[in-house]
file final35.pdb (PDB, C-alpha atoms, pLDDT in the B column)
ATOM      1  CA  MET A   1       0.000   0.000   0.000  1.00 60.00           C
ATOM      2  CA  THR A   2       1.366   3.373  -0.949  1.00 86.00           C
ATOM      3  CA  GLN A   3       1.239   6.523   1.143  1.00 90.00           C
ATOM      4  CA  ASP A   4      -1.280   7.925  -1.335  1.00 92.00           C
ATOM      5  CA  ILE A   5      -3.659   5.026  -0.601  1.00 90.00           C
ATOM      6  CA  LEU A   6      -3.323   5.565   3.158  1.00 92.00           C
ATOM      7  CA  ASP A   7      -3.980   9.290   2.695  1.00 96.00           C
ATOM      8  CA  ARG A   8      -7.085   8.597   0.589  1.00 94.00           C
ATOM      9  CA  ARG A   9      -8.377   6.069   3.112  1.00 94.00           C
ATOM     10  CA  ALA A  10      -7.946   8.607   5.909  1.00 97.00           C
ATOM     11  CA  ALA A  11      -9.774  11.298   3.924  1.00 97.00           C
ATOM     12  CA  ALA A  12     -12.643   8.855   3.312  1.00 96.00           C
ATOM     13  CA  VAL A  13     -13.021   8.235   7.058  1.00 96.00           C
ATOM     14  CA  ILE A  14     -13.298  11.983   7.705  1.00 97.00           C
ATOM     15  CA  GLU A  15     -15.859  12.472   4.945  1.00 95.00           C
ATOM     16  CA  ALA A  16     -17.970   9.475   5.990  1.00 95.00           C
ATOM     17  CA  ASN A  17     -18.491  10.504   9.617  1.00 96.00           C
ATOM     18  CA  LYS A  18     -20.449  13.237  11.366  1.00 94.00           C
ATOM     19  CA  TYR A  19     -18.970  12.988  14.855  1.00 96.00           C
ATOM     20  CA  MET A  20     -15.469  13.156  16.185  1.00 98.00           C
ATOM     21  CA  THR A  21     -14.270  12.296  19.659  1.00 98.00           C
ATOM     22  CA  LEU A  22     -12.479  15.279  21.156  1.00 98.00           C
ATOM     23  CA  GLY A  23      -9.981  14.674  23.949  1.00 98.00           C
ATOM     24  CA  THR A  24      -9.006  17.500  26.294  1.00 98.00           C
ATOM     25  CA  VAL A  25      -7.268  17.774  29.662  1.00 98.00           C
ATOM     26  CA  ASP A  26      -8.533  19.790  32.617  1.00 96.00           C
ATOM     27  CA  PRO A  27      -6.256  22.056  34.691  1.00 93.00           C
ATOM     28  CA  ASP A  28      -5.687  19.188  37.171  1.00 95.00           C
ATOM     29  CA  GLY A  29      -4.429  16.934  34.368  1.00 95.00           C
ATOM     30  CA  ARG A  30      -7.535  14.742  34.195  1.00 97.00           C
ATOM     31  CA  PRO A  31      -8.553  13.690  30.672  1.00 97.00           C
ATOM     32  CA  TRP A  32     -12.002  14.410  29.258  1.00 98.00           C
ATOM     33  CA  VAL A  33     -13.414  13.048  25.995  1.00 98.00           C
ATOM     34  CA  THR A  34     -16.623  14.038  24.283  1.00 98.00           C
ATOM     35  CA  PRO A  35     -18.268  13.468  20.918  1.00 97.00           C
ATOM     36  CA  VAL A  36     -18.934  16.594  18.877  1.00 97.00           C
ATOM     37  CA  TYR A  37     -20.592  17.020  15.508  1.00 94.00           C
ATOM     38  CA  PHE A  38     -17.960  18.442  13.170  1.00 97.00           C
ATOM     39  CA  THR A  39     -17.395  19.975   9.783  1.00 97.00           C
ATOM     40  CA  PRO A  40     -13.956  19.329   8.290  1.00 98.00           C
ATOM     41  CA  ASP A  41     -12.041  21.837   6.228  1.00 97.00           C
ATOM     42  CA  GLY A  42      -9.852  19.379   4.365  1.00 95.00           C
ATOM     43  CA  HIS A  43      -7.967  17.000   6.623  1.00 94.00           C
ATOM     44  CA  ALA A  44      -6.305  19.502   8.913  1.00 94.00           C
ATOM     45  CA  THR A  45      -9.005  21.802  10.349  1.00 98.00           C
ATOM     46  CA  PHE A  46     -12.205  20.755  12.106  1.00 98.00           C
ATOM     47  CA  TYR A  47     -15.080  23.000  13.265  1.00 98.00           C
ATOM     48  CA  TRP A  48     -17.752  22.421  15.923  1.00 97.00           C
ATOM     49  CA  ALA A  49     -20.155  24.507  18.003  1.00 96.00           C
ATOM     50  CA  SER A  50     -20.232  24.172  21.803  1.00 97.00           C
ATOM     51  CA  SER A  51     -21.252  25.978  24.926  1.00 97.00           C
ATOM     52  CA  THR A  52     -18.467  27.922  26.605  1.00 97.00           C
ATOM     53  CA  ALA A  53     -19.497  26.133  29.834  1.00 97.00           C
ATOM     54  CA  ALA A  54     -18.989  22.616  28.403  1.00 98.00           C
ATOM     55  CA  ALA A  55     -16.119  20.748  30.069  1.00 98.00           C
ATOM     56  CA  HIS A  56     -14.165  20.500  26.807  1.00 98.00           C
ATOM     57  CA  SER A  57     -14.580  24.231  26.107  1.00 98.00           C
ATOM     58  CA  VAL A  58     -13.355  25.138  29.597  1.00 97.00           C
ATOM     59  CA  ASN A  59     -10.427  22.758  29.130  1.00 98.00           C
ATOM     60  CA  ILE A  60      -9.517  24.251  25.736  1.00 98.00           C
ATOM     61  CA  ALA A  61      -9.514  27.742  27.259  1.00 97.00           C
ATOM     62  CA  ALA A  62      -6.887  26.536  29.750  1.00 97.00           C
ATOM     63  CA  ASN A  63      -4.941  24.213  27.417  1.00 97.00           C
ATOM     64  CA  PRO A  64      -5.486  24.250  23.634  1.00 98.00           C
ATOM     65  CA  ASP A  65      -3.710  20.921  23.030  1.00 98.00           C
ATOM     66  CA  VAL A  66      -6.310  18.302  22.074  1.00 98.00           C
ATOM     67  CA  SER A  67      -6.539  14.863  20.542  1.00 98.00           C
ATOM     68  CA  ILE A  68      -9.181  13.722  18.072  1.00 98.00           C
ATOM     69  CA  ALA A  69     -10.426  10.347  16.876  1.00 98.00           C
ATOM     70  CA  ILE A  70     -12.865   9.966  14.000  1.00 98.00           C
ATOM     71  CA  PHE A  71     -14.373   6.532  13.390  1.00 95.00           C
ATOM     72  CA  ASP A  72     -17.595   4.699  12.561  1.00 89.00           C
ATOM     73  CA  SER A  73     -18.776   2.900  15.700  1.00 87.00           C
ATOM     74  CA  SER A  74     -21.576   1.100  13.844  1.00 87.00           C
ATOM     75  CA  VAL A  75     -19.336  -1.341  11.952  1.00 84.00           C
ATOM     76  CA  PRO A  76     -18.836  -4.924  13.151  1.00 80.00           C
ATOM     77  CA  ILE A  77     -15.964  -5.641  15.530  1.00 82.00           C
ATOM     78  CA  GLY A  78     -12.755  -5.870  13.519  1.00 77.00           C
ATOM     79  CA  GLY A  79     -14.113  -3.737  10.674  1.00 78.00           C
ATOM     80  CA  ALA A  80     -13.266  -0.283  11.983  1.00 82.00           C
ATOM     81  CA  SER A  81     -11.584   2.482  10.060  1.00 91.00           C
ATOM     82  CA  ALA A  82     -10.279   5.379  12.119  1.00 96.00           C
ATOM     83  CA  VAL A  83      -8.105   8.454  11.963  1.00 98.00           C
ATOM     84  CA  TYR A  84      -6.327  10.069  14.893  1.00 98.00           C
ATOM     85  CA  PHE A  85      -4.996  13.582  15.341  1.00 98.00           C
ATOM     86  CA  ARG A  86      -3.049  15.756  17.704  1.00 98.00           C
ATOM     87  CA  ALA A  87      -4.262  19.314  17.313  1.00 98.00           C
ATOM     88  CA  ARG A  88      -4.461  22.834  18.746  1.00 98.00           C
ATOM     89  CA  ALA A  89      -7.975  24.066  19.389  1.00 98.00           C
ATOM     90  CA  GLU A  90      -9.356  27.583  19.688  1.00 98.00           C
ATOM     91  CA  ARG A  91     -12.489  29.644  19.549  1.00 97.00           C
ATOM     92  CA  VAL A  92     -13.006  31.078  16.104  1.00 98.00           C
ATOM     93  CA  PRO A  93     -12.262  34.832  16.340  1.00 97.00           C
ATOM     94  CA  ASP A  94     -15.247  37.163  15.929  1.00 95.00           C
ATOM     95  CA  ASP A  95     -13.854  38.668  12.723  1.00 96.00           C
ATOM     96  CA  GLU A  96     -13.930  35.212  11.067  1.00 97.00           C
ATOM     97  CA  LEU A  97     -17.395  34.149  12.248  1.00 96.00           C
ATOM     98  CA  GLU A  98     -19.406  35.208   9.238  1.00 95.00           C
ATOM     99  CA  ARG A  99     -17.420  33.034   6.851  1.00 95.00           C
ATOM    100  CA  THR A 100     -16.763  30.113   9.192  1.00 96.00           C
ATOM    101  CA  ALA A 101     -20.297  29.881  10.623  1.00 95.00           C
ATOM    102  CA  ALA A 102     -21.670  29.575   7.082  1.00 95.00           C
ATOM    103  CA  PHE A 103     -18.997  27.008   6.232  1.00 96.00           C
ATOM    104  CA  TYR A 104     -19.732  24.990   9.390  1.00 95.00           C
ATOM    105  CA  ALA A 105     -23.456  24.819   8.565  1.00 94.00           C
ATOM    106  CA  SER A 106     -22.861  23.846   4.930  1.00 93.00           C
ATOM    107  CA  ARG A 107     -21.855  20.228   5.470  1.00 91.00           C
ATOM    108  CA  TYR A 108     -25.306  18.676   5.897  1.00 86.00           C
ATOM    109  CA  PRO A 109     -28.788  20.107   5.413  1.00 85.00           C
ATOM    110  CA  GLU A 110     -29.871  18.941   8.880  1.00 86.00           C
ATOM    111  CA  LEU A 111     -27.064  20.842  10.603  1.00 82.00           C
ATOM    112  CA  ARG A 112     -28.415  23.921  12.330  1.00 83.00           C
ATOM    113  CA  ALA A 113     -27.059  27.162  10.924  1.00 90.00           C
ATOM    114  CA  PHE A 114     -26.113  29.563  13.715  1.00 93.00           C
ATOM    115  CA  SER A 115     -26.192  33.279  13.138  1.00 93.00           C
ATOM    116  CA  VAL A 116     -23.049  35.223  13.904  1.00 94.00           C
ATOM    117  CA  ASP A 117     -24.893  36.898  16.802  1.00 95.00           C
ATOM    118  CA  GLU A 118     -25.611  33.468  18.335  1.00 95.00           C
ATOM    119  CA  LEU A 119     -21.875  32.723  18.376  1.00 96.00           C
ATOM    120  CA  ARG A 120     -20.534  35.735  20.257  1.00 93.00           C
ATOM    121  CA  GLU A 121     -20.980  37.577  23.570  1.00 89.00           C
ATOM    122  CA  PRO A 122     -23.285  37.616  25.456  1.00 89.00           C
ATOM    123  CA  GLU A 123     -24.467  34.228  24.133  1.00 92.00           C
ATOM    124  CA  GLU A 124     -22.868  31.052  25.525  1.00 94.00           C
ATOM    125  CA  LEU A 125     -22.450  29.185  22.248  1.00 96.00           C
ATOM    126  CA  ARG A 126     -19.196  29.522  20.312  1.00 97.00           C
ATOM    127  CA  LEU A 127     -17.707  28.130  17.155  1.00 97.00           C
ATOM    128  CA  TYR A 128     -14.457  26.263  17.785  1.00 98.00           C
ATOM    129  CA  ARG A 129     -11.841  24.788  15.495  1.00 98.00           C
ATOM    130  CA  ALA A 130      -8.904  22.473  15.832  1.00 98.00           C
ATOM    131  CA  HIS A 131      -5.856  22.606  13.579  1.00 98.00           C
ATOM    132  CA  ALA A 132      -4.281  19.162  13.295  1.00 98.00           C
ATOM    133  CA  THR A 133      -0.535  18.966  13.840  1.00 97.00           C
ATOM    134  CA  ASP A 134      -0.103  15.172  13.545  1.00 97.00           C
ATOM    135  CA  HIS A 135      -2.249  12.679  11.614  1.00 97.00           C
ATOM    136  CA  TRP A 136      -2.534   8.881  11.644  1.00 97.00           C
ATOM    137  CA  ILE A 137      -4.788   6.186  10.243  1.00 96.00           C
ATOM    138  CA  LEU A 138      -5.703   2.874  11.840  1.00 93.00           C
ATOM    139  CA  VAL A 139      -4.454  -0.090   9.845  1.00 91.00           C
ATOM    140  CA  ARG A 140      -6.379  -3.142  11.021  1.00 88.00           C
ATOM    141  CA  GLY A 141      -4.409  -6.254  11.819  1.00 85.00           C
ATOM    142  CA  GLY A 142      -6.490  -8.125   9.240  1.00 83.00           C
ATOM    143  CA  ASP A 143      -6.032  -5.545   6.486  1.00 84.00           C
ATOM    144  CA  PRO A 144      -5.494  -7.516   3.245  1.00 80.00           C
ATOM    145  CA  ASP A 145      -2.652  -5.224   2.132  1.00 79.00           C
ATOM    146  CA  TYR A 146      -0.939  -4.089   5.326  1.00 78.00           C
ATOM    147  CA  GLY A 147      -2.265  -6.367   8.038  1.00 78.00           C
ATOM    148  CA  THR A 148       0.275  -7.795  10.433  1.00 84.00           C
ATOM    149  CA  GLY A 149      -2.213  -9.516  12.719  1.00 85.00           C
ATOM    150  CA  ILE A 150      -2.113  -6.571  15.121  1.00 88.00           C
ATOM    151  CA  ASP A 151      -3.792  -3.205  14.612  1.00 90.00           C
ATOM    152  CA  SER A 152      -1.314  -0.384  14.023  1.00 89.00           C
ATOM    153  CA  ARG A 153      -1.245   3.326  13.407  1.00 91.00           C
ATOM    154  CA  ARG A 154       0.387   4.753  10.270  1.00 92.00           C
ATOM    155  CA  PRO A 155       1.148   8.421   9.619  1.00 95.00           C
ATOM    156  CA  VAL A 156      -0.816  10.189   6.891  1.00 96.00           C
ATOM    157  CA  TRP A 157      -0.353  13.533   5.169  1.00 93.00           C
ATOM    158  CA  SER A 158       3.281  13.670   6.261  1.00 77.00           C
TER     159      SER A 158
END
call {"tool": "encode", "arguments": {"input": "final35.pdb", "output": "structure tokens"}}
result
Amino acid sequence: MTQDILDRRAAAVIEANKYMTLGTVDPDGRPWVTPVYFTPDGHATFYWASSTAAAHSVNIAANPDVSIAIFDSSVPIGGASAVYFRARAERVPDDELERTAAFYASRYPELRAFSVDELREPEELRLYRAHATDHWILVRGGDPDYGTGIDSRRPVWS
């Protein structure tokens, strides 16, 4: 399997899924993971809307380093495809909200479109984004091309 095939497989996982698992760490060093609906901008930037009071939002305000996993949990055991990321997360700045809020809402027709006013003070909802710094794909142990009998992680978009 070439790097191009791994990259295309990883892109397909992102495009096929609506939720990502976002991992953050609180100020005491305790991990917190949560699923969030997301809109990808390519394979390196991911957008989601959350309350500023949500545990992950509070954690991001204190420490922007996050981890992300995107996968389809509905497949049979042993059939999973997944991508993993290390990333830096942030609130989208007010001067970028008009463009990014429209982009966020454009992925699926059922996704609620938030007005710019709903995403800034004094409202509690904000648009967030994570910029991936490291990217991997899950290669299943039983993969017909790269399987070794044990699941592994391979870098993508290097």
call {"tool": "atom_distance", "arguments": {"input": "final35.pdb", "atom1": "atom CA of A:Glu90", "atom2": "atom CA of A:Asp117"}}
result
18.3 Å
call {"tool": "closest_atom_pairs", "arguments": {"input": "final35.pdb", "of": "stretch 49-125 of chain A", "to": "stretch 21-30 of chain A", "cutoff": "10 Å", "atoms": "only C-alpha atoms", "output": "CSV"}}
result
residue,atom,partner,partner_atom,distance
A:Ala55,CA,A:Asp26,CA,8.1
A:His56,CA,A:Thr24,CA,6.0
A:Ser57,CA,A:Thr24,CA,8.7
A:Val58,CA,A:Asp26,CA,7.8
A:Asn59,CA,A:Asp26,CA,5.0
A:Ile60,CA,A:Thr24,CA,6.8
A:Ala61,CA,A:Asp26,CA,9.6
A:Ala62,CA,A:Pro27,CA,6.7
A:Asn63,CA,A:Val25,CA,7.2
A:Pro64,CA,A:Thr24,CA,8.1
A:Asp65,CA,A:Thr24,CA,7.1
A:Val66,CA,A:Thr24,CA,5.1
A:Ser67,CA,A:Gly23,CA,4.8
A:Ile68,CA,A:Leu22,CA,4.8
A:Ala69,CA,A:Thr21,CA,5.1
A:Ile70,CA,A:Thr21,CA,6.3
A:Phe71,CA,A:Thr21,CA,8.5
A:Tyr84,CA,A:Thr21,CA,9.5
A:Phe85,CA,A:Leu22,CA,9.6
A:Arg86,CA,A:Gly23,CA,9.4
A:Ala87,CA,A:Gly23,CA,9.9
A:Ala89,CA,A:Thr24,CA,9.6
call {"tool": "atom_distance", "arguments": {"input": "final35.pdb", "atom1": "atom CA of A:Val75", "atom2": "atom CA of A:Arg8"}}
result
19.4 Å
call {"tool": "atom_distance", "arguments": {"input": "final35.pdb", "atom1": "atom CA of A:Arg129", "atom2": "atom CA of A:Phe46"}}
result
5.3 Å
call {"tool": "closest_residue", "arguments": {"input": "final35.pdb", "among": "A:Ser115, A:Thr39, A:Thr52, A:Ser158", "to": "A:Thr133", "atoms": "only C-alpha atoms"}}
result
A:Ser158
call {"tool": "axis_aligned_box", "arguments": {"input": "final35.pdb", "around": "stretch 133-149 of chain A", "padding_each_side": "6 Å", "output": "lines of an AutoDock Vina configuration file"}}
result
center_x = -3.1
center_y = 4.7
center_z = 8.0
size_x = 18.8
size_y = 40.5
size_z = 23.7
call {"tool": "residues_near_point", "arguments": {"input": "final35.pdb", "point": "(-16.5, 9.4, 10.6)", "cutoff": "9 Å", "atoms": "only C-alpha atoms", "output": "list of chain:residue names"}}
result
A:Ala12, A:Val13, A:Ile14, A:Glu15, A:Ala16, A:Asn17, A:Lys18, A:Tyr19, A:Met20, A:Ala69, A:Ile70, A:Phe71, A:Asp72, A:Ser73, A:Ser81, A:Ala82, A:Val83
